[in-house]
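S.K.: Starting off with a structure, shown below.
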Amino acid sequence: MRKNIFTTLAAAVSLLSVAQAQVTETPATLALEAGGNPAGFVQGANDQGIIFSTAAGGRGQLVEYSKIRGEGLDKVIRFSERAESLAQARALFAAGEFDAAAAAFGVVAQNYSIILASPKNFASEAMFYQLESIRRAGKYALLPPLIASAAAESIEKSLGEPFAGMFQFQKLYALLAEKNFDELASAIAAYEEPVVGEAKLLSAPNFKPLPATELADLSYLRGKVYEAAGEKGKALNDFYSAVTLAFGNDAISAKLAMGAAMVIQKSDPLLASENRLAIAEMQSLAYMFGKRFGTDGMPAAFKEYAVRPPMVRPPAPAPKEEPAAAESAPEAAPAEAGKAAPKEGAKGEKGKKKK
């Protein structure tokens, strides 16, 4: 724990110490449509091209994007410092040290702001991962001002997909931080299927086909919208969907959804009245949360329920009564000789008369 705090503080101090130390040029190699592959220094960028000099500190000239090989954002501009500049921040992100990673990525985004307008530059990438580190750390209140910055705007313009698509989810969490539930609901609606036909019978619209992690985020965020509107039943449905989708894919989303579901379950009057089913449902949530994430950070009000709920077994069915054996029908009595003869005799009499 001390190591984590030290790393976070060190990164934050580093961020402050270099706040005024933005680089004025960064080494790069260009692949030109005509003219070879000059090595030099990028001193700036805009929508038309990059400011490029073949000598350090020299006077740069505009090299238009149309003169650089590659289509769209796939221009061949090789920044020499990309790997080295991002290495520490990437290592912190991979280790789950999201506070420290956010600070480290922020340093890169700020120091290399001169290249933000160039296609697929690593300063815009650092900005994206700064926002993602903040989101994963749960520090949503830090997102709105950063998302409004020019550096964040470059994510969509300079990086394209898939960064632009994931950036939309960072915006959704910024709206959650601001408790702007009306705008959040409108933004989420863009990911929902049209409500037609049998879909009108659903309690909430289905989402469009998306990766499981994105569906988990959308379910959690829509659950928060329903919760704010007092629709706890719908909120619980979405939180449970988020848990199902994220439990094995995205631990952070699963933890958020399970925590939100427990908050609603704890406020259920049936739980206070010791309803057996309400207690079992709360125990199931708290027990599963504890098994997946531990109970150290769990509020005491929830921790008491973090036990395996008793198995509810249906009552044993009553034994079936064996059907009584069918009684055999009495055998027919043999016909008496005196009763059978008249027919034959009658026939015989008729025969005699015919003769």
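Letters for chains follow the order of the structure tokens (A, B, ...), residue numbers begin at 1 for each chain, and ligand numbers begin at 1 in the order shown.
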May I have the residues within 7 Å of Ala31 (chain A) as a count of residues only, using only C-alpha atoms and disregarding those fewer than 3 positions away in the same chain?
M.R.: 6
S.K.: List the spatial neighbours of Glu156 (chain A) as a VMD selection string - criterion: any atom at most 12 Å away, only C-alpha atoms, same-chain residues fewer than 4 positions off excluded.
M.R.: chain A and resid 73 116 to 121 124 to 125 127 to 128 147 150 to 152 160 to 168
S.K.: Restricting it to C-alpha atoms, dump the selection as a PDB file, in the first residue's frame.
M.R.:
```pdb
ATOM      1  CA  LEU A  73      -5.017   9.049 -40.475  1.00  0.00           C
ATOM      2  CA  LEU A 116      -1.624  16.762 -30.920  1.00  0.00           C
ATOM      3  CA  ALA A 117      -2.966  17.668 -34.362  1.00  0.00           C
ATOM      4  CA  SER A 118      -0.825  15.148 -36.249  1.00  0.00           C
ATOM      5  CA  PRO A 119      -2.367  11.807 -37.292  1.00  0.00           C
ATOM      6  CA  LYS A 120      -2.142   9.005 -34.716  1.00  0.00           C
ATOM      7  CA  ASN A 121       0.275  10.887 -32.489  1.00  0.00           C
ATOM      8  CA  SER A 124      -3.377  12.217 -28.086  1.00  0.00           C
ATOM      9  CA  GLU A 125      -2.994   8.543 -27.183  1.00  0.00           C
ATOM     10  CA  MET A 127      -4.547  11.881 -23.293  1.00  0.00           C
ATOM     11  CA  PHE A 128      -6.952   9.030 -23.983  1.00  0.00           C
ATOM     12  CA  ILE A 147     -12.753  16.072 -21.589  1.00  0.00           C
ATOM     13  CA  ALA A 150      -8.225  20.739 -26.594  1.00  0.00           C
ATOM     14  CA  ALA A 151      -6.072  17.678 -25.933  1.00  0.00           C
ATOM     15  CA  ALA A 152      -9.166  15.508 -25.456  1.00  0.00           C
ATOM     16  CA  GLY A 160      -9.985   7.843 -35.101  1.00  0.00           C
ATOM     17  CA  GLU A 161     -11.413   4.421 -34.290  1.00  0.00           C
ATOM     18  CA  PRO A 162     -11.331   2.551 -31.979  1.00  0.00           C
ATOM     19  CA  PHE A 163     -10.177   5.357 -29.667  1.00  0.00           C
ATOM     20  CA  ALA A 164     -13.010   7.661 -30.761  1.00  0.00           C
ATOM     21  CA  GLY A 165     -15.629   5.035 -29.907  1.00  0.00           C
ATOM     22  CA  MET A 166     -14.173   4.343 -26.459  1.00  0.00           C
ATOM     23  CA  PHE A 167     -13.843   8.083 -25.856  1.00  0.00           C
ATOM     24  CA  GLN A 168     -17.653   8.288 -26.003  1.00  0.00           C
TER      25      GLN A 168
END
```
S.K.: Ranking A:Tyr240, A:Phe169, A:Tyr129, A:Phe41 by minimum distance to Ser53 (chain A) and counting only C-alpha atoms, which one comes first?
M.R.: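 Distance minimum relative to Ser53 (chain A) lands on A:Phe41.
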S.K.: For Glu214 (chain A), find every residue with an atom within 12 Å (counting only C-alpha atoms), except residues of its own chain fewer than 3 positions away, and show them as a PDB file with C-alpha atoms, in the first residue's frame.
M.R.:
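Generated file (result-v1.pdb):
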```
ATOM      1  CA  GLY A 165     -15.629   5.035 -29.907  1.00  0.00           C
ATOM      2  CA  MET A 166     -14.173   4.343 -26.459  1.00  0.00           C
ATOM      3  CA  PHE A 167     -13.843   8.083 -25.856  1.00  0.00           C
ATOM      4  CA  GLN A 168     -17.653   8.288 -26.003  1.00  0.00           C
ATOM      5  CA  PHE A 169     -17.877   6.047 -22.937  1.00  0.00           C
ATOM      6  CA  GLN A 170     -15.476   8.322 -21.058  1.00  0.00           C
ATOM      7  CA  LEU A 172     -20.753   9.130 -20.420  1.00  0.00           C
ATOM      8  CA  ILE A 188     -27.395   6.137 -23.766  1.00  0.00           C
ATOM      9  CA  TYR A 191     -27.026   2.697 -28.117  1.00  0.00           C
ATOM     10  CA  PHE A 207     -29.046  -2.490 -26.454  1.00  0.00           C
ATOM     11  CA  LYS A 208     -27.599  -2.820 -29.922  1.00  0.00           C
ATOM     12  CA  PRO A 209     -25.052  -5.623 -30.487  1.00  0.00           C
ATOM     13  CA  LEU A 210     -21.812  -4.460 -28.846  1.00  0.00           C
ATOM     14  CA  PRO A 211     -18.839  -6.037 -27.042  1.00  0.00           C
ATOM     15  CA  ASP A 217     -20.916  -0.113 -18.986  1.00  0.00           C
ATOM     16  CA  LEU A 218     -24.161   0.890 -20.670  1.00  0.00           C
ATOM     17  CA  SER A 219     -26.232  -1.323 -18.354  1.00  0.00           C
ATOM     18  CA  TYR A 220     -24.537   0.127 -15.280  1.00  0.00           C
ATOM     19  CA  LEU A 221     -24.919   3.726 -16.468  1.00  0.00           C
ATOM     20  CA  SER A 241     -27.200  -7.393 -16.374  1.00  0.00           C
ATOM     21  CA  ALA A 242     -23.972  -5.459 -15.899  1.00  0.00           C
ATOM     22  CA  LEU A 245     -21.733  -9.236 -18.605  1.00  0.00           C
ATOM     23  CA  ALA A 246     -18.720  -7.925 -16.727  1.00  0.00           C
ATOM     24  CA  ASN A 249     -14.505  -9.599 -18.438  1.00  0.00           C
ATOM     25  CA  ASP A 250     -14.218  -6.301 -16.582  1.00  0.00           C
ATOM     26  CA  SER A 253     -17.587  -2.605 -14.071  1.00  0.00           C
ATOM     27  CA  ALA A 254     -18.679  -5.732 -12.194  1.00  0.00           C
TER      28      ALA A 254
END
```
S.K.: Just want the 9 Å neighbourhood of Gly259 (chain A), counted on only C-alpha atoms, with same-chain residues fewer than 2 positions away dropped. Output as a list in words.
M.R.: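 Neighbouring residues, sequence-local ones excluded: Ala254, Lys255, Leu256, Ala257, Ala261, Met262, Val263, Ile264, Leu285, Ala286, Phe289 and Met298 of chain A.
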S.K.: Could you tell me which of A:Lys157, A:Lys291, A:Arg78, A:Lys67 comes closest to Pro27 (chain A) if we count only C-alpha atoms?
M.R.: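 Nearest to Pro27 (chain A): A:Arg78.
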S.K.: I'd like to know which residues of region 3-239 of chain A are strand (DSSP E) (by DSSP, run on the backbone); could you write them as number ranges by chain?
M.R.: A: 26-30, 39-45, 49-53, 61-64, 77-79
S.K.: Please, what distance in Å, to one decimal, runs between CA of Leu175 (chain A) and CA of Glu192 (chain A)?
M.R.: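 Straight-line distance from CA of Leu175 (chain A) to CA of Glu192 (chain A) works out to 17.9 Å.
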S.K.: Can you work out which one of A:Lys266, A:Lys179, A:Lys234, A:Arg136 has the shortest atom-to-atom distance to Leu202 (chain A), counting only C-alpha atoms?
M.R.: A:Lys234
S.K.: Determine the nearest neighbour of Glu231 (chain A) from the options A:Ala216, A:Ala204, A:Thr29, A:Phe293, counting only C-alpha atoms.
M.R.: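 Going through A:Ala216, A:Ala204, A:Thr29, A:Phe293 one by one, the smallest distance to Glu231 (chain A) is for A:Ala204.
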